[in-house]
$ cat input_19.csv   # CSV, C-alpha atoms
chain,number,residue,atom,x,y,z
A,9,VAL,CA,71.5,83.1,89.0
A,10,GLY,CA,71.0,81.4,85.7
A,11,CYS,CA,73.4,83.9,84.1
A,12,VAL,CA,76.4,83.0,86.3
A,13,TRP,CA,79.0,81.1,84.3
A,14,VAL,CA,81.0,78.0,85.6
A,15,GLY,CA,83.6,76.4,83.3
A,16,GLY,CA,81.9,77.9,80.3
A,17,CYS,CA,78.4,76.7,81.2
A,18,SER,CA,75.6,78.6,82.9
A,19,PHE,CA,73.8,77.2,85.8
A,20,VAL,CA,70.8,76.6,83.5
A,21,ASP,CA,73.1,74.5,81.2
A,22,LEU,CA,74.3,72.5,84.2
A,23,HIS,CA,70.7,72.0,85.3
A,24,TYR,CA,69.9,70.2,82.0
A,25,THR,CA,73.2,68.3,81.9
A,26,PHE,CA,73.1,66.9,85.5
A,27,LEU,CA,69.3,67.1,86.1
A,28,LEU,CA,69.8,69.2,89.2
A,29,GLY,CA,67.9,72.3,90.2
A,30,VAL,CA,69.5,75.7,89.5
A,31,SER,CA,69.4,76.7,93.2
A,32,THR,CA,71.1,73.3,94.1
A,33,ILE,CA,73.9,73.9,91.6
A,34,SER,CA,74.3,77.4,92.8
A,35,LYS,CA,74.7,76.2,96.4
A,36,ILE,CA,77.2,73.5,95.3
A,37,VAL,CA,79.4,76.0,93.5
A,38,ARG,CA,79.4,78.3,96.5
A,39,VAL,CA,80.3,75.5,98.9
A,40,VAL,CA,83.0,74.1,96.7
A,41,CYS,CA,84.5,77.6,96.2
A,42,CYS,CA,84.5,78.2,100.0
A,43,ALA,CA,86.2,74.8,100.6
A,44,ILE,CA,88.9,75.5,98.0
A,45,TRP,CA,89.5,78.9,99.5
A,46,SER,CA,89.7,77.6,103.1
A,47,VAL,CA,92.1,74.8,102.2
A,48,LEU,CA,94.4,76.4,99.7
A,49,ARG,CA,94.4,80.1,100.8
A,50,LEU,CA,97.4,79.9,103.1
A,51,GLU,CA,99.3,77.8,100.5
A,52,CYS,CA,98.6,80.0,97.5
A,53,ILE,CA,98.4,83.4,99.1
A,54,PRO,CA,100.2,83.1,102.5
A,55,GLU,CA,100.4,86.1,104.8
A,56,PRO,CA,103.9,87.6,104.2
A,57,ASP,CA,106.3,87.8,107.1
A,58,LYS,CA,109.1,90.3,107.6
A,59,ASP,CA,111.6,88.3,105.5
A,60,LYS,CA,109.0,88.0,102.7
A,61,TRP,CA,108.4,91.8,102.7
A,62,LYS,CA,112.2,92.4,102.5
A,63,SER,CA,112.5,90.0,99.6
A,64,ILE,CA,109.6,91.7,97.7
A,65,ALA,CA,111.2,95.1,98.4
A,66,LYS,CA,114.6,94.0,97.1
A,67,LYS,CA,113.1,92.9,93.8
A,68,PHE,CA,111.2,96.2,93.4
A,69,GLU,CA,114.5,98.0,94.0
A,70,THR,CA,116.3,95.9,91.4
A,71,ARG,CA,113.7,95.8,88.7
A,72,ALA,CA,112.0,99.2,89.1
A,73,ASN,CA,114.6,101.3,90.8
A,74,PHE,CA,112.1,101.9,93.6
A,75,PRO,CA,113.5,100.9,97.1
A,76,ASN,CA,111.5,100.0,100.2
A,77,CYS,CA,108.5,99.1,98.1
A,78,ILE,CA,106.6,96.1,99.4
A,79,GLY,CA,103.9,95.9,96.7
A,80,ALA,CA,101.8,97.7,94.2
A,81,VAL,CA,98.1,98.0,95.0
A,82,ASP,CA,95.1,98.6,92.7
A,83,GLY,CA,91.5,97.8,92.3
A,84,LYS,CA,89.8,96.0,89.4
A,85,HIS,CA,86.1,96.1,88.6
A,86,VAL,CA,84.7,92.7,87.9
A,87,ARG,CA,81.5,92.9,85.8
A,88,ILE,CA,78.5,91.1,87.2
A,89,VAL,CA,74.9,90.6,86.2
A,90,HIS,CA,72.9,93.6,87.3
A,91,PRO,CA,71.4,92.8,90.8
A,92,LEU,CA,68.5,94.6,92.5
A,93,ASN,CA,71.0,96.4,94.7
A,94,SER,CA,72.1,99.6,92.9
A,95,MET,CA,75.2,99.9,95.1
A,96,HIS,CA,77.0,97.7,92.6
A,97,ILE,CA,76.8,100.3,89.8
A,98,ASN,CA,80.3,101.8,89.3
A,99,TYR,CA,81.4,105.1,87.9
A,100,LYS,CA,81.5,103.5,84.4
A,101,GLY,CA,77.8,102.8,84.5
A,102,TYR,CA,77.8,99.0,84.8
A,103,SER,CA,77.4,96.6,87.8
A,104,SER,CA,80.5,95.2,89.4
A,105,ILE,CA,82.3,94.0,92.5
A,106,VAL,CA,85.8,95.3,93.3
A,107,LEU,CA,88.9,93.0,93.3
A,108,MET,CA,91.4,94.9,95.4
A,109,ALA,CA,94.9,93.3,95.2
A,110,VAL,CA,98.5,93.8,96.0
A,111,ALA,CA,101.1,92.4,93.6
A,112,ASP,CA,104.9,91.9,93.9
A,113,ALA,CA,107.6,92.3,91.3
A,114,ASP,CA,107.1,88.7,90.1
A,115,TYR,CA,103.6,89.5,88.9
A,116,ARG,CA,102.1,87.5,91.7
A,117,PHE,CA,99.3,88.5,94.1
A,118,VAL,CA,100.5,89.0,97.7
A,119,TYR,CA,97.0,89.9,98.9
A,120,ALA,CA,93.5,90.0,97.5
A,121,ASN,CA,90.1,91.3,98.7
A,122,ILE,CA,87.1,90.5,96.6
A,123,GLY,CA,83.5,91.6,97.0
A,124,ALA,CA,83.3,95.3,97.7
A,125,TYR,CA,80.5,97.3,96.0
A,126,GLY,CA,81.3,98.7,92.6
A,127,LYS,CA,80.2,102.2,93.7
A,128,ASP,CA,83.0,102.5,96.2
A,129,CYS,CA,86.2,104.1,95.2
A,130,ASP,CA,89.5,102.3,95.4
A,131,SER,CA,90.7,104.3,98.4
A,132,ASN,CA,87.6,103.5,100.5
A,133,VAL,CA,87.7,99.8,99.5
A,134,PHE,CA,91.4,99.5,100.5
A,135,GLN,CA,91.0,101.3,103.8
A,136,LYS,CA,88.4,98.7,104.8
A,137,CYS,CA,90.7,95.8,103.8
A,138,GLN,CA,92.2,93.7,106.6
A,139,LEU,CA,95.7,94.2,105.2
A,140,TRP,CA,95.5,98.0,105.4
A,141,ARG,CA,94.0,97.9,108.9
A,142,SER,CA,96.8,95.6,110.0
A,143,ILE,CA,99.4,98.0,108.6
A,144,VAL,CA,97.8,101.1,110.2
A,145,ASN,CA,97.4,99.3,113.6
A,146,GLY,CA,101.0,98.1,113.5
A,147,THR,CA,100.1,94.4,113.7
A,148,MET,CA,101.4,93.6,110.2
A,149,ASP,CA,105.0,92.3,110.3
A,150,ILE,CA,106.5,95.0,108.2
A,151,PRO,CA,110.3,95.5,108.4
A,152,GLU,CA,111.8,98.4,110.3
A,153,ASP,CA,112.5,101.7,108.5
A,154,LYS,CA,115.8,101.8,106.7
A,155,CYS,CA,117.8,104.4,104.8
A,156,LEU,CA,117.6,104.6,101.0
A,157,PRO,CA,120.6,103.5,98.9
A,158,GLY,CA,123.3,106.1,99.1
A,159,SER,CA,121.8,107.7,102.2
A,160,HIS,CA,122.8,107.3,105.8
A,161,ASP,CA,121.0,110.1,107.6
A,162,GLN,CA,117.2,109.5,107.3
A,163,LYS,CA,115.4,106.2,107.6
A,164,ILE,CA,112.3,105.7,105.3
A,165,PRO,CA,109.4,103.4,106.1
A,166,TYR,CA,108.5,100.5,103.8
A,167,TYR,CA,105.4,101.3,101.7
A,168,LEU,CA,103.0,100.2,99.0
A,169,VAL,CA,102.5,102.2,95.8
A,170,GLY,CA,99.2,103.2,94.2
A,171,ASP,CA,97.7,105.6,91.8
A,172,GLU,CA,96.1,109.0,92.3
A,173,ALA,CA,92.9,107.4,93.7
A,174,PHE,CA,94.5,106.3,96.9
A,175,GLY,CA,95.2,108.5,100.0
A,176,LEU,CA,98.7,109.4,100.9
A,177,HIS,CA,100.2,107.7,103.9
A,178,LYS,CA,103.6,106.9,105.2
A,179,HIS,CA,103.0,103.3,104.2
A,180,LEU,CA,101.3,104.2,100.9
A,181,LEU,CA,102.8,106.4,98.2
A,182,LYS,CA,101.1,107.9,95.2
A,183,PRO,CA,102.3,110.1,92.3
A,184,TYR,CA,102.4,113.9,92.5
A,185,GLY,CA,99.3,115.5,91.0
A,186,GLY,CA,99.2,118.4,88.6
A,187,HIS,CA,101.0,119.3,85.3
A,188,SER,CA,103.5,121.9,86.3
A,189,LEU,CA,105.9,119.6,88.1
A,190,THR,CA,109.5,120.0,88.8
A,191,ILE,CA,112.1,117.7,87.2
A,192,LYS,CA,112.5,115.8,90.5
A,193,LYS,CA,108.8,115.3,90.9
A,194,ARG,CA,108.5,114.1,87.3
A,195,ILE,CA,111.3,111.6,87.9
A,196,PHE,CA,109.6,110.4,91.1
A,197,ASN,CA,106.3,109.9,89.2
A,198,TYR,CA,108.1,108.0,86.5
A,199,ARG,CA,109.9,105.7,89.0
A,200,LEU,CA,106.6,105.1,90.9
A,201,SER,CA,104.8,104.3,87.7
A,202,ARG,CA,107.5,101.7,86.9
A,203,ALA,CA,106.8,100.0,90.3
A,204,ARG,CA,103.0,100.4,90.1
A,205,ARG,CA,102.7,98.8,86.6
A,206,TYR,CA,103.4,95.4,88.1
A,207,VAL,CA,99.9,95.2,89.6
A,208,GLU,CA,98.4,96.4,86.3
A,209,CYS,CA,100.3,93.7,84.4
A,210,THR,CA,99.3,91.1,87.0
A,211,PHE,CA,95.6,91.9,86.4
A,212,GLY,CA,96.3,91.6,82.7
A,213,ILE,CA,97.9,88.2,83.2
A,214,LEU,CA,94.9,87.1,85.3
$ encode --input "input_19.csv" --output "structure tokens"
Amino acid sequence: VGCVWVGGCSFVDLHYTFLLGVSTISKIVRVVCCAIWSVLRLECIPEPDKDKWKSIAKKFETRANFPNCIGAVDGKHVRIVHPLNSMHINYKGYSSIVLMAVADADYRFVYANIGAYGKDCDSNVFQKCQLWRSIVNGTMDIPEDKCLPGSHDQKIPYYLVGDEAFGLHKHLLKPYGGHSLTIKKRIFNYRLSRARRYVECTFGIL
């Protein structure tokens, strides 16, 4: 606990500064963080409605030439002090928790889920997220399917974009795998990569 950092100071530093016990400081930090989350969550990361999803999709279409995209999803491993639980050890060999997030074309987080074990792959973490369960169950207010620009015969669902680690779904697209791809598949992968980079850049900004 003494190795957790707050505002540049460890809990041990705060213990000497404010003459409070390390466990007391730890509890204060947790309570304050929970209060901030409960009060500001809906203001800072509100749950998108149908109009918001359409607005996000329009910006992805304009900026990345990828229509019907309502967000780019990816996971980020946040390094933590090695706990007793080995389930936090990720594939890179260090302990972490997973920040799973969806970003829009303005480099803003639309959804975030924090706290999954580092050992879990991105696909499994995302499948357990409330956002994905709502999409699969049909309770998320996603717009109705619509035709792609220049097409009038087949309606396409709105979807998220992710990398190869995610499972393919009608509401989640990922790039084609392999090396011997046709021109059309390579163009698709290029366009998808243009849309997916928004979440990578958003993590970088964070």
$ closest_atom_pairs --input "input_19.csv" --of "region 113-137 of chain A" --to "region 151-174 of chain A" --cutoff "9 Å" --atoms "all atoms listed in the file" --output "tab-separated table"
residue	atom	partner	partner_atom	distance
A:Cys129	CA	A:Ala173	CA	7.6
A:Asp130	CA	A:Ala173	CA	6.4
A:Ser131	CA	A:Phe174	CA	4.5
A:Asn132	CA	A:Phe174	CA	8.3
A:Phe134	CA	A:Phe174	CA	8.3
$ residues_around --input "input_19.csv" --residues "Thr147 (chain A)" --least-positions-apart "5" --cutoff "12 Å" --atoms "all atoms listed in the file" --output "short mmCIF file (atom, residue, chain, number, x, y, z; two decimals) with C-alpha atoms, in the coordinates of the input"
data_model
loop_
_atom_site.label_atom_id
_atom_site.label_comp_id
_atom_site.auth_asym_id
_atom_site.auth_seq_id
_atom_site.Cartn_x
_atom_site.Cartn_y
_atom_site.Cartn_z
CA ASP A 57 106.30 87.80 107.10
CA LYS A 58 109.10 90.30 107.60
CA GLN A 138 92.20 93.70 106.60
CA LEU A 139 95.70 94.20 105.20
CA TRP A 140 95.50 98.00 105.40
CA ARG A 141 94.00 97.90 108.90
CA SER A 142 96.80 95.60 110.00
#
$ atom_distance --input "input_19.csv" --atom1 "CA of Ala72 (chain A)" --atom2 "CA of Glu208 (chain A)"
14.2 Å
$ atom_distance --input "input_19.csv" --atom1 "CA of Val40 (chain A)" --atom2 "CA of Cys52 (chain A)"
16.7 Å
$ closest_residue --input "input_19.csv" --among "A:Lys127, A:Ile195, A:Ile122, A:Asp82" --to "Ser94 (chain A)" --atoms "all atoms listed in the file"
A:Lys127
$ closest_residue --input "input_19.csv" --among "A:Leu92, A:Val118, A:Val20, A:Tyr125" --to "Pro54 (chain A)" --atoms "only C-alpha atoms"
A:Val118
$ atom_distance --input "input_19.csv" --atom1 "CA of His85 (chain A)" --atom2 "CA of Leu214 (chain A)"
13.0 Å
$ closest_residue --input "input_19.csv" --among "A:Leu200, A:Ile191, A:Cys77, A:Leu22" --to "Lys178 (chain A)" --atoms "all atoms listed in the file"
A:Cys77
$ closest_residue --input "input_19.csv" --among "A:Gly185, A:Gly83, A:Pro91, A:Gly146" --to "Val133 (chain A)" --atoms "all atoms listed in the file"
A:Gly83
$ residues_around --input "input_19.csv" --residues "Tyr119 (chain A)" --least-positions-apart "5" --cutoff "10 Å" --atoms "all atoms listed in the file" --output "PyMOL selection string"
chain A and resi 53-56+79+81+108-112+137-139
$ closest_residue --input "input_19.csv" --among "A:Asn73, A:Ser46, A:Gln135, A:Ser31" --to "Arg202 (chain A)" --atoms "all atoms listed in the file"
A:Asn73
$ closest_residue --input "input_19.csv" --among "A:Asn76, A:Ile213, A:Ala124, A:Lys136" --to "His179 (chain A)" --atoms "all atoms listed in the file"
A:Asn76
$ residues_around --input "input_19.csv" --residues "region 103-105 of chain A" --least-positions-apart "4" --cutoff "6 Å" --atoms "only C-alpha atoms" --output "mmCIF file with C-alpha atoms, in the coordinates of the input"
data_model
loop_
_atom_site.group_PDB
_atom_site.id
_atom_site.type_symbol
_atom_site.label_atom_id
_atom_site.label_comp_id
_atom_site.auth_asym_id
_atom_site.auth_seq_id
_atom_site.Cartn_x
_atom_site.Cartn_y
_atom_site.Cartn_z
ATOM 1 C CA HIS A 85 86.100 96.100 88.600
ATOM 2 C CA VAL A 86 84.700 92.700 87.900
ATOM 3 C CA ARG A 87 81.500 92.900 85.800
ATOM 4 C CA ILE A 88 78.500 91.100 87.200
ATOM 5 C CA HIS A 90 72.900 93.600 87.300
ATOM 6 C CA HIS A 96 77.000 97.700 92.600
ATOM 7 C CA ILE A 97 76.800 100.300 89.800
ATOM 8 C CA GLY A 123 83.500 91.600 97.000
ATOM 9 C CA ALA A 124 83.300 95.300 97.700
ATOM 10 C CA TYR A 125 80.500 97.300 96.000
ATOM 11 C CA GLY A 126 81.300 98.700 92.600
#
$ axis_aligned_box --input "input_19.csv" --around "region 101-106 of chain A" --padding-each-side "6 Å" --output "AutoDock Vina command-line options"
--center_x 81.6 --center_y 98.4 --center_z 88.9 --size_x 20.4 --size_y 20.8 --size_z 20.8
